[in-house]
Amino acid sequence: MPALIENGRAKVNLTLRVVGRRVDGYHDLESVVAFADCADRLALVPGAELGLTTTGPLAQACGDISDNLVLKAARLLGERVPDLKCGEFTLDKILPVAAGIGGGSADAAAALRLLALLNGLALDDARLAEVARWTGADVPVCLASRACVMTGVGATLQPLSLPLLPCVMVNPRVPLPTRDVFDALGLRNGELLVGATDILLQDRSWPKAGASIAEWIDAFEEVGNDLEKPAMRIQPVIGEVLSVLGAAGGARLARMSGSGATCFAIFENGADTQAAAEKIRRDHPGWWVHAGSLS
């Protein structure tokens, strides 16, 4: 049987509000999430043994294979689906690691989609959703890979009808573990950041299908990313990236994604997007830069 192939698209947090920290230590979040047209590529060759090989420009950054979320997701699904067919995965690693764009989660979600296809499981199978939740907080949203409002600890998803958003994504090639950023935020168990009078994201009136890019940008500007400041305290270069993106010709909104260090800028046309990316590559050859779109 030929290899089955799925893409693990980069997740971008257009907004990110930390509602608070629950008594169990987990953080409740609200985020408008979109997905980029840059992705890791995951192939599955069916076989008797479960395995994983990493290739590509960022393969070395994946670390110990035994800890990879692809294998974790596959093993968890195998505990829930009798006689699960599996095989050898090959991950072509394109996306930066520990970068705030859900690369590992996107890879795990791609693995679940491949295993669902191989085993005749529907993508709305409750066992896939359960495994996604247990694998990682961003895996449920990456399983669907559709624009949405994501709330709670990542499993509550409200679809949004985003237009195609031209964007430039930049990572200064500094890893930034999510745990370190939340530690820097410094919330105690049971502490809230959102007050009783704040309007929650799921209660907002978002632009309807067919709305312009400008209308969506106006909506995004009302809610920032609560993790930007603590992330910049750990990696000050994030401030430089945001400054460079914000100064790019045609940039309408510049912001950090997730817990960083990847940042993005939204533009209204592809020409400005490409021109900005080319200039950033020339001026900062050590940075990872992608010009494309979010949807």
# chains A, B, ... in the order shown; residues from 1 in each chain; ligands from 1

$ residues_around --residues "Cys142 of chain A" --least-positions-apart "2" --cutoff "10 Å" --atoms "only C-alpha atoms" --output "ChimeraX atom specification"
/A:8-11,33-35,102-110,132,137-140,144-147

$ select_by_dssp --residues "segment 29-247 of chain A" --states "strand (DSSP E)" --output "number ranges by chain"
A: 29-47, 51-55, 86-92, 148-152, 156-159, 165-171

$ closest_residue --among "A:Arg188, A:Ala248, A:Val19, A:Thr178" --to "Gly100 of chain A" --atoms "only C-alpha atoms"
A:Thr178

$ residues_around --residues "Asn225 of chain A" --least-positions-apart "3" --cutoff "10 Å" --atoms "only C-alpha atoms" --output "PyMOL selection string"
chain A and resi 13-18+30-31+228-229+255-259

$ write_last_selection --atoms "all heavy atoms" --output "short mmCIF file (atom, residue, chain, number, x, y, z; two decimals), in the first residue's frame"
data_model
loop_
_atom_site.label_atom_id
_atom_site.label_comp_id
_atom_site.auth_asym_id
_atom_site.auth_seq_id
_atom_site.Cartn_x
_atom_site.Cartn_y
_atom_site.Cartn_z
N ASN A 13 -2.34 32.15 16.46
CA ASN A 13 -3.29 32.79 17.38
C ASN A 13 -3.40 34.27 17.01
O ASN A 13 -2.50 35.06 17.30
CB ASN A 13 -2.82 32.67 18.83
CG ASN A 13 -2.71 31.23 19.28
OD1 ASN A 13 -1.67 30.61 19.14
ND2 ASN A 13 -3.79 30.71 19.84
N LEU A 14 -4.50 34.63 16.36
CA LEU A 14 -4.70 36.03 15.97
C LEU A 14 -4.98 36.89 17.19
O LEU A 14 -4.65 38.08 17.22
CB LEU A 14 -5.86 36.12 14.97
CG LEU A 14 -5.58 35.41 13.64
CD1 LEU A 14 -6.86 35.25 12.84
CD2 LEU A 14 -4.54 36.16 12.83
N THR A 15 -5.63 36.32 18.19
CA THR A 15 -5.80 36.94 19.50
C THR A 15 -5.55 35.86 20.54
O THR A 15 -5.71 34.67 20.24
CB THR A 15 -7.21 37.52 19.71
OG1 THR A 15 -8.14 36.42 19.84
CG2 THR A 15 -7.66 38.39 18.55
N LEU A 16 -5.18 36.27 21.75
CA LEU A 16 -5.03 35.28 22.83
C LEU A 16 -5.25 36.00 24.16
O LEU A 16 -4.44 36.85 24.55
CB LEU A 16 -3.66 34.61 22.80
CG LEU A 16 -3.56 33.30 23.60
CD1 LEU A 16 -2.38 32.47 23.12
CD2 LEU A 16 -3.44 33.53 25.09
N ARG A 17 -6.32 35.65 24.81
CA ARG A 17 -6.62 36.20 26.13
C ARG A 17 -6.52 35.07 27.15
O ARG A 17 -7.08 34.00 26.96
CB ARG A 17 -8.02 36.81 26.16
CG ARG A 17 -8.48 37.18 27.54
CD ARG A 17 -9.91 37.70 27.52
NE ARG A 17 -9.96 39.13 27.21
CZ ARG A 17 -11.09 39.80 27.11
NH1 ARG A 17 -12.25 39.20 27.24
NH2 ARG A 17 -11.06 41.10 26.85
N VAL A 18 -5.79 35.32 28.23
CA VAL A 18 -5.72 34.38 29.35
C VAL A 18 -6.83 34.79 30.33
O VAL A 18 -6.75 35.83 30.96
CB VAL A 18 -4.35 34.40 30.03
CG1 VAL A 18 -4.33 33.40 31.19
CG2 VAL A 18 -3.24 34.08 29.03
N GLU A 30 -8.85 32.12 25.77
CA GLU A 30 -9.75 32.45 24.67
C GLU A 30 -8.87 32.93 23.53
O GLU A 30 -8.03 33.80 23.72
CB GLU A 30 -10.70 33.58 25.03
CG GLU A 30 -11.66 33.29 26.14
CD GLU A 30 -12.59 34.48 26.36
OE1 GLU A 30 -12.15 35.63 26.16
OE2 GLU A 30 -13.74 34.24 26.69
N SER A 31 -9.07 32.35 22.34
CA SER A 31 -8.20 32.71 21.24
C SER A 31 -8.93 32.57 19.91
O SER A 31 -9.66 31.61 19.69
CB SER A 31 -6.96 31.81 21.23
OG SER A 31 -6.10 32.12 20.15
N GLU A 228 2.29 38.20 25.24
CA GLU A 228 3.38 38.94 24.59
C GLU A 228 4.38 39.50 25.60
O GLU A 228 5.60 39.33 25.45
CB GLU A 228 2.82 40.08 23.73
CG GLU A 228 2.54 39.68 22.30
CD GLU A 228 2.16 40.87 21.43
OE1 GLU A 228 2.42 42.03 21.84
OE2 GLU A 228 1.61 40.65 20.34
N LYS A 229 3.90 40.19 26.62
CA LYS A 229 4.81 40.83 27.57
C LYS A 229 5.66 39.83 28.34
O LYS A 229 6.89 40.00 28.43
CB LYS A 229 4.03 41.74 28.51
CG LYS A 229 3.51 43.00 27.82
CD LYS A 229 2.78 43.90 28.81
CE LYS A 229 2.29 45.17 28.12
NZ LYS A 229 1.55 46.06 29.06
N ARG A 255 1.63 41.08 15.54
CA ARG A 255 1.33 40.48 16.84
C ARG A 255 2.13 39.18 16.99
O ARG A 255 2.57 38.59 16.01
CB ARG A 255 -0.18 40.19 16.90
CG ARG A 255 -0.70 39.77 18.25
CD ARG A 255 -2.22 39.89 18.28
NE ARG A 255 -2.65 41.27 18.43
CZ ARG A 255 -3.92 41.66 18.34
NH1 ARG A 255 -4.87 40.78 18.07
NH2 ARG A 255 -4.25 42.93 18.52
N MET A 256 2.28 38.74 18.23
CA MET A 256 2.91 37.45 18.51
C MET A 256 1.85 36.36 18.48
O MET A 256 0.70 36.58 18.88
CB MET A 256 3.59 37.48 19.87
CG MET A 256 4.43 36.25 20.19
SD MET A 256 5.14 36.31 21.86
CE MET A 256 3.72 35.77 22.86
N SER A 257 2.22 35.18 18.03
CA SER A 257 1.31 34.03 18.02
C SER A 257 1.56 33.15 19.24
O SER A 257 2.71 32.85 19.57
CB SER A 257 1.50 33.19 16.76
OG SER A 257 0.70 32.02 16.81
N GLY A 258 0.49 32.74 19.89
CA GLY A 258 0.59 31.82 21.00
C GLY A 258 1.52 32.31 22.09
O GLY A 258 1.47 33.47 22.51
N SER A 259 2.43 31.43 22.52
CA SER A 259 3.39 31.79 23.56
C SER A 259 4.72 32.23 22.95
O SER A 259 5.70 32.39 23.66
CB SER A 259 3.61 30.60 24.50
OG SER A 259 4.02 29.45 23.77
#

$ closest_residue --among "A:Asn119, A:Thr151, A:Asn171, A:Gln274" --to "Gly78 of chain A" --atoms "only C-alpha atoms"
A:Asn119

$ residues_around --residues "Glu268 of chain A" --least-positions-apart "5" --cutoff "12 Å" --atoms "only C-alpha atoms" --output "list in words"
Pro163, Leu164, Leu165, Pro166, Cys167, Val168, Ser212, Ile213, Ala214, Glu215, Trp216, Ile217, Gly249, Gly250, Ala251, Arg252, Leu253, Thr273, Gln274, Gly292, Ser293 and Leu294 of chain A

$ write_last_selection --atoms "C-alpha atoms" --output "PDB file, in the first residue's frame"
ATOM      1  CA  PRO A 163     -11.364  35.624   4.507  1.00  0.00           C
ATOM      2  CA  LEU A 164      -7.945  34.680   3.163  1.00  0.00           C
ATOM      3  CA  LEU A 165      -5.572  36.871   5.199  1.00  0.00           C
ATOM      4  CA  PRO A 166      -2.220  37.689   3.522  1.00  0.00           C
ATOM      5  CA  CYS A 167       0.481  37.459   6.169  1.00  0.00           C
ATOM      6  CA  VAL A 168       4.174  37.284   6.938  1.00  0.00           C
ATOM      7  CA  SER A 212     -13.513  42.429   4.372  1.00  0.00           C
ATOM      8  CA  ILE A 213      -9.993  41.974   5.704  1.00  0.00           C
ATOM      9  CA  ALA A 214     -10.206  45.499   7.139  1.00  0.00           C
ATOM     10  CA  GLU A 215     -13.329  44.590   9.129  1.00  0.00           C
ATOM     11  CA  TRP A 216     -11.626  41.534  10.599  1.00  0.00           C
ATOM     12  CA  ILE A 217      -8.498  43.496  11.481  1.00  0.00           C
ATOM     13  CA  GLY A 249       4.962  48.613   4.144  1.00  0.00           C
ATOM     14  CA  GLY A 250       1.268  47.702   4.072  1.00  0.00           C
ATOM     15  CA  ALA A 251       1.272  45.899   7.444  1.00  0.00           C
ATOM     16  CA  ARG A 252      -2.095  46.369   9.156  1.00  0.00           C
ATOM     17  CA  LEU A 253      -1.624  44.319  12.318  1.00  0.00           C
ATOM     18  CA  THR A 273       3.222  40.591   1.794  1.00  0.00           C
ATOM     19  CA  GLN A 274       5.906  39.329  -0.584  1.00  0.00           C
ATOM     20  CA  GLY A 292       1.645  33.345   2.609  1.00  0.00           C
ATOM     21  CA  SER A 293      -1.868  33.468   3.953  1.00  0.00           C
ATOM     22  CA  LEU A 294      -4.046  32.471   6.899  1.00  0.00           C
TER      23      LEU A 294
END

$ select_by_dssp --residues "segment 90-212 of chain A" --states "alpha helix (DSSP H)" --output "number ranges by chain"
A: 103-119, 126-135, 139-144, 178-185
